[in-house]
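S.K.: Got a structure for you, written out below as C-alpha cells; questions coming shortly.
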Amino acid sequence: MNLEYFIAKRLITAKDNKSSISAPIIKIAISAIAIGMIMMIVSVATGIGLQQKIREKISAFNGHIIIANYDNNQSDATLVPVSKNQKFYPKFTSVPDVDHIQAVATKAGIIRTADAFEGIVFKGVGADYRWDNIKEYLVSGRLPNLLASLNPEVIISQYLANRLKLKVGDEFNTFFMKEGQNKLPNIRRFKIVGVFSSGFQEFDATYVLGDIRHVQRINKWKSDQIGAFEVFVDDFDNISTVGEQVYEHTASTLDSQTIVQKYSYIFEWLQLFDFNIVVILIVMILVATINMVVALLVLILERTQMIGIMKAIGANNWSIRKMFLYNASYLIYRGLLWGNLIGVAILLIQKYFGVVELNPENYYVNEAPVYINVFYILLLNVLTVVVCFVVLLIPSYIITKITPVKAIRFD
C-alpha cells in the first residue's frame, strides 16, 4: 500500500476539509487552473486555425509557388505569355515534393451592368485546374465545364454578385482593354454558373474564374501559351525549401516565388500569432502555478500539527512532502478536467455553429476558425502538470523546517 497516497486521499475526502479555512483558496486554485487551461486550449486552437485557414485560402487562388515570366512586373494581369512546353509540365518530376502543377492566365477587365460596374481580374484556367480548393467556398450553382468546347461559363464571388446585383444564371458583359491607344476594347459576354465566397476580401473583390481559352483569344496567343504555372507542394511547412528547388529546375527566363514571398505582409502578420500564443501560455501557466503554490502553503500551514505528529512517529520529510504533493495533484487534476471539458466544448461550438464572427476585411475570414488537435491538447496538459509539480517542490520544502515539538504545540 502507498501510505502517502492513502493519507492524502483521506485528507481530500475528509468532511471537515470542505469547511476549513483552505476551502475557498482551494476552489480559487482549481478555478485558476481550469480558466488557464481553457484560455490555452482556445488560444492555440484559434491561433493555429486562423493561420491554416488563411494559408489555405491564399493557396486555393494562387497555388503554393507561382512560376511566371520576369516581365510581368508583379502585376495581377499577365503581360507576357509563357510557353507550356516546359520540362516540368505537366509533371514536375525533378522535384519530388511537388504534388500538382497547373496552367493559368489572367486578364484585367471591367464588368458593366445596367446599374453598376466593377474592375476585375479574369482568371483563365484549364482542364488541369484543381477545383477541389475552390469547391469548398462554392455557395450556389456549380463549377464551369472546361472539358467541353469554349463556352461563356464562369464563377464569381458573392461580393461581386451583390455589388453588381447578379445571380446564378445571369449574363454580363466584360470589357478588356487592348494594348495601345485609341483601340476599342474586347467585349466578352459571360454566364454565371456558380457563386463562391472565400471570405478573403482581396480575392473575392478581384477574381472571376473561367476558361483560359478566352484569355488566349483576347491576347491573340497560341494554344500553348499561358500566363503562369501554379505549383502545389505536399507539405506547406517545406515551402521555402521546395521553392528553392523549383527555382533551380526552371529556365533562366522564368521566375518563381512562393506565396510566402508574394504575400509577405500577410504571413508576417500571421507570425505574430505565434508570439501571442506563447505569451498567453506563459501567463496562464504562471497564474495557475502561483495559485497552486498559495493553496499548497495554506494546506501545509493548516496541517502543521499533523505534520509534527507524523514526524514524531518516524515519518521522514520526503514522505510527508509526497503526501501533500498527492493532495495538490488532485487539485490540478480537477482543474484540468474542467478546463479540458469546457475548452473543447467551446471549440466544438465554434467549429459547428460559428458563434464568433470576424470582419473579413481585417482577418480575411468570416468567422474564427478552430484547429482541434488531440496531441496539442495533451501536450498543454502535460506541460501544465510538469511546470506545476516542479514549482510546487519549492513550497513543499517548508515541511523540512517544521520540528515535531513546535508543530504539536502549534495553534
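We label chains A, B, ... in the order they appear in the C-alpha cells, count residues from 1 in each chain, and number ligands from 1 in the order shown.
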Please identify all polymer residues within 7 Å of region 211-216 of chain A, counting only C-alpha atoms, omitting same-chain residues fewer than 5 positions from it, and present them as number ranges by chain.
M.R.: A: 104-107, 124-126, 146, 150, 221-223
S.K.: Output all heavy atoms for every residue in that selection, as a tab-separated table (two decimals), in the first residue's frame.
M.R.:
```tsv
chain	number	residue	atom	x	y	z
A	104	VAL	N	-2.36	28.68	-65.81
A	104	VAL	CA	-3.40	29.72	-65.68
A	104	VAL	C	-2.98	30.94	-66.49
A	104	VAL	O	-1.82	31.07	-66.92
A	104	VAL	CB	-3.62	30.12	-64.20
A	104	VAL	CG1	-4.09	28.92	-63.37
A	104	VAL	CG2	-2.35	30.72	-63.61
A	105	ALA	N	-3.92	31.86	-66.67
A	105	ALA	CA	-3.64	33.14	-67.31
A	105	ALA	C	-4.65	34.16	-66.80
A	105	ALA	O	-5.81	33.81	-66.51
A	105	ALA	CB	-3.73	33.03	-68.83
A	106	THR	N	-4.23	35.39	-66.64
A	106	THR	CA	-5.11	36.42	-66.09
A	106	THR	C	-5.17	37.63	-67.02
A	106	THR	O	-4.22	37.94	-67.74
A	106	THR	CB	-4.62	36.88	-64.70
A	106	THR	OG1	-3.25	37.25	-64.79
A	106	THR	CG2	-4.79	35.77	-63.67
A	107	LYS	N	-6.32	38.30	-66.96
A	107	LYS	CA	-6.54	39.46	-67.80
A	107	LYS	C	-7.43	40.45	-67.04
A	107	LYS	O	-8.50	40.09	-66.54
A	107	LYS	CB	-7.24	39.04	-69.10
A	107	LYS	CG	-7.45	40.17	-70.11
A	107	LYS	CD	-6.15	40.58	-70.79
A	107	LYS	CE	-6.39	41.61	-71.88
A	107	LYS	NZ	-5.12	42.06	-72.50
A	124	GLY	N	-8.18	32.83	-66.19
A	124	GLY	CA	-8.46	31.71	-67.07
A	124	GLY	C	-7.76	30.46	-66.59
A	124	GLY	O	-6.56	30.48	-66.29
A	125	VAL	N	-8.50	29.36	-66.49
A	125	VAL	CA	-7.94	28.09	-66.04
A	125	VAL	C	-8.28	27.02	-67.06
A	125	VAL	O	-9.21	27.16	-67.85
A	125	VAL	CB	-8.47	27.71	-64.64
A	125	VAL	CG1	-8.07	28.78	-63.62
A	125	VAL	CG2	-9.98	27.55	-64.66
A	126	GLY	N	-7.53	25.92	-67.01
A	126	GLY	CA	-7.71	24.84	-67.97
A	126	GLY	C	-8.23	23.57	-67.33
A	126	GLY	O	-8.65	23.56	-66.17
A	146	LEU	N	-15.03	22.97	-68.25
A	146	LEU	CA	-13.89	23.32	-69.09
A	146	LEU	C	-13.47	22.20	-70.03
A	146	LEU	O	-12.56	22.38	-70.84
A	146	LEU	CB	-12.69	23.70	-68.20
A	146	LEU	CG	-12.94	24.83	-67.19
A	146	LEU	CD1	-11.67	25.10	-66.39
A	146	LEU	CD2	-13.39	26.09	-67.90
A	150	LEU	N	-15.15	25.71	-76.07
A	150	LEU	CA	-15.12	27.02	-75.42
A	150	LEU	C	-16.54	27.52	-75.16
A	150	LEU	O	-17.38	27.55	-76.05
A	150	LEU	CB	-14.37	28.01	-76.30
A	150	LEU	CG	-14.19	29.42	-75.72
A	150	LEU	CD1	-13.36	29.39	-74.45
A	150	LEU	CD2	-13.56	30.34	-76.76
A	221	TRP	N	-2.90	34.83	-78.33
A	221	TRP	CA	-1.84	33.87	-78.02
A	221	TRP	C	-2.11	32.56	-78.73
A	221	TRP	O	-3.25	32.26	-79.13
A	221	TRP	CB	-1.78	33.59	-76.52
A	221	TRP	CG	-1.30	34.75	-75.69
A	221	TRP	CD1	-0.76	35.92	-76.13
A	221	TRP	CD2	-1.33	34.84	-74.26
A	221	TRP	NE1	-0.44	36.73	-75.08
A	221	TRP	CE2	-0.78	36.10	-73.91
A	221	TRP	CE3	-1.78	34.01	-73.24
A	221	TRP	CZ2	-0.66	36.52	-72.59
A	221	TRP	CZ3	-1.65	34.41	-71.94
A	221	TRP	CH2	-1.09	35.65	-71.61
A	222	LYS	N	-1.06	31.77	-78.82
A	222	LYS	CA	-1.21	30.41	-79.35
A	222	LYS	C	-1.79	29.51	-78.27
A	222	LYS	O	-1.80	29.86	-77.08
A	222	LYS	CB	0.15	29.89	-79.81
A	222	LYS	CG	0.77	30.70	-80.94
A	222	LYS	CD	2.13	30.16	-81.31
A	222	LYS	CE	2.77	30.98	-82.42
A	222	LYS	NZ	4.14	30.49	-82.77
A	223	SER	N	-2.23	28.34	-78.66
A	223	SER	CA	-2.87	27.43	-77.70
A	223	SER	C	-1.89	26.90	-76.65
A	223	SER	O	-2.32	26.42	-75.60
A	223	SER	CB	-3.49	26.24	-78.45
A	223	SER	OG	-2.49	25.55	-79.18
```
S.K.: Residues within 12 Å of Arg55 (chain A), please, as a list in words. Count only C-alpha atoms; anything in the same chain fewer than 6 positions from it doesn't count.
M.R.: Ile48, Gly49, Phe61, Asn62, Gly63, His64, Asn133, Ser198, Phe200, Phe236, Asp237, Ile239, Thr258, Ile259, Val260, Tyr263, Ser264, Ile266, Phe267, Trp269, Leu270, Gln271, Tyr364 and Val365 of chain A
S.K.: Name the closest residue to Ala368 (chain A) among the candidates A:Ile346, A:Val98, A:Leu286, A:Leu341; distances are taken between atoms, counting only C-alpha atoms.
M.R.: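 Of A:Ile346, A:Val98, A:Leu286, A:Leu341, the one nearest Ala368 (chain A) is A:Ile346, counting only C-alpha atoms.
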S.K.: Which is closer to Leu79 (chain A) than all the others in A:Leu347, A:Leu336, A:Ala108, A:Ala32, using only C-alpha atoms?
M.R.: A:Ala108
S.K.: Quick check, in Å to one decimal: how far apart do CA of Tyr376 (chain A) and CA of Met40 (chain A) lie?
M.R.: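 Going from CA of Tyr376 (chain A) over to CA of Met40 (chain A), I get 10.2 Å.
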S.K.: What lies within 12 Å of Phe176 (chain A) using only C-alpha atoms, ignoring chain neighbours under 3 positions off, as a list in words?
M.R.: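 Result of the neighbour search: Ala77, Thr106, Lys107, Ala108, Gly109, Ile110, Ile111, Arg112, Gly119, Ile120, Val121, Phe122, Asn173, Glu179, Lys183, Leu184, Pro185, Asn186, Ile187, Arg188, Arg189, His214, Val215, Arg217, Ile218 and Asn219 of chain A.
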S.K.: Pull N, CA and C atoms from the residues just selected and write them as a compact mmCIF listing (two decimals), in the first residue's frame.
M.R.:
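The resulting file, selection-v7.txt, is reproduced below:
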```
# COMPACT_ATOMS: atom_id res chain seq x y z
N ALA A 77 -2.39 40.89 -63.63
CA ALA A 77 -2.73 40.50 -65.00
C ALA A 77 -1.47 40.08 -65.74
N THR A 106 -4.23 35.39 -66.64
CA THR A 106 -5.11 36.42 -66.09
C THR A 106 -5.17 37.63 -67.02
N LYS A 107 -6.32 38.30 -66.96
CA LYS A 107 -6.54 39.46 -67.80
C LYS A 107 -7.43 40.45 -67.04
N ALA A 108 -6.99 41.69 -66.95
CA ALA A 108 -7.76 42.73 -66.26
C ALA A 108 -8.92 43.18 -67.14
N GLY A 109 -10.06 43.43 -66.52
CA GLY A 109 -11.23 43.87 -67.26
C GLY A 109 -12.20 44.63 -66.39
N ILE A 110 -13.30 45.05 -67.00
CA ILE A 110 -14.34 45.79 -66.29
C ILE A 110 -15.69 45.15 -66.61
N ILE A 111 -16.41 44.77 -65.54
CA ILE A 111 -17.76 44.24 -65.72
C ILE A 111 -18.74 45.41 -65.71
N ARG A 112 -19.59 45.46 -66.73
CA ARG A 112 -20.56 46.55 -66.84
C ARG A 112 -21.96 45.97 -66.90
N GLY A 119 -14.22 46.76 -61.57
CA GLY A 119 -12.97 46.29 -62.15
C GLY A 119 -12.65 44.91 -61.59
N ILE A 120 -12.26 43.98 -62.47
CA ILE A 120 -11.99 42.60 -62.05
C ILE A 120 -10.73 42.08 -62.74
N VAL A 121 -10.29 40.92 -62.31
CA VAL A 121 -9.24 40.18 -63.00
C VAL A 121 -9.85 38.84 -63.40
N PHE A 122 -9.94 38.62 -64.69
CA PHE A 122 -10.45 37.34 -65.20
C PHE A 122 -9.32 36.33 -65.15
N ASN A 173 -21.65 41.59 -69.51
CA ASN A 173 -20.58 41.95 -70.44
C ASN A 173 -19.32 42.36 -69.67
N GLU A 179 -3.94 46.64 -75.85
CA GLU A 179 -2.70 47.38 -75.71
C GLU A 179 -2.64 48.45 -76.80
N LYS A 183 -7.87 52.23 -79.26
CA LYS A 183 -8.38 50.95 -79.75
C LYS A 183 -9.59 50.56 -78.93
N LEU A 184 -10.60 50.09 -79.63
CA LEU A 184 -11.80 49.67 -78.94
C LEU A 184 -11.52 48.42 -78.10
N PRO A 185 -12.13 48.31 -76.92
CA PRO A 185 -11.87 47.14 -76.06
C PRO A 185 -12.53 45.89 -76.62
N ASN A 186 -11.99 44.75 -76.18
CA ASN A 186 -12.62 43.47 -76.48
C ASN A 186 -13.79 43.27 -75.52
N ILE A 187 -14.89 42.79 -76.05
CA ILE A 187 -16.07 42.56 -75.22
C ILE A 187 -16.38 41.07 -75.20
N ARG A 188 -16.55 40.53 -74.01
CA ARG A 188 -16.95 39.13 -73.86
C ARG A 188 -18.18 39.07 -72.97
N ARG A 189 -19.11 38.22 -73.35
CA ARG A 189 -20.33 38.05 -72.56
C ARG A 189 -20.24 36.70 -71.84
N HIS A 214 -10.36 31.93 -73.31
CA HIS A 214 -10.83 33.31 -73.52
C HIS A 214 -9.64 34.28 -73.47
N VAL A 215 -8.78 34.11 -72.50
CA VAL A 215 -7.60 34.97 -72.38
C VAL A 215 -6.67 34.79 -73.57
N ARG A 217 -7.47 33.93 -76.60
CA ARG A 217 -8.05 34.56 -77.80
C ARG A 217 -7.98 36.08 -77.72
N ILE A 218 -8.27 36.63 -76.55
CA ILE A 218 -8.23 38.09 -76.40
C ILE A 218 -6.82 38.61 -76.64
N ASN A 219 -5.82 37.90 -76.11
CA ASN A 219 -4.42 38.33 -76.25
C ASN A 219 -3.78 37.86 -77.55
```
S.K.: Looking at only C-alpha atoms, which of A:Tyr89, A:Pro81, A:Asp76, A:Ile25 is the one that sits closest to His249 (chain A)?
M.R.: A:Tyr89
S.K.: Quick one: residues within 8 Å of Val356 (chain A), only C-alpha atoms counted, chain neighbours fewer than 2 positions away excluded, as a JSON list (two decimals) with C-alpha atoms, in the first residue's frame?
M.R.:
```json
[["chain", "number", "residue", "atom", "x", "y", "z"],
["A", 350, "GLN", "CA", -17.37, 27.47, -32.62],
["A", 354, "GLY", "CA", -19.58, 29.72, -35.91],
["A", 358, "LEU", "CA", -14.80, 38.22, -37.60],
["A", 367, "GLU", "CA", -15.70, 33.52, -38.52],
["A", 368, "ALA", "CA", -12.99, 32.45, -36.10]]
```
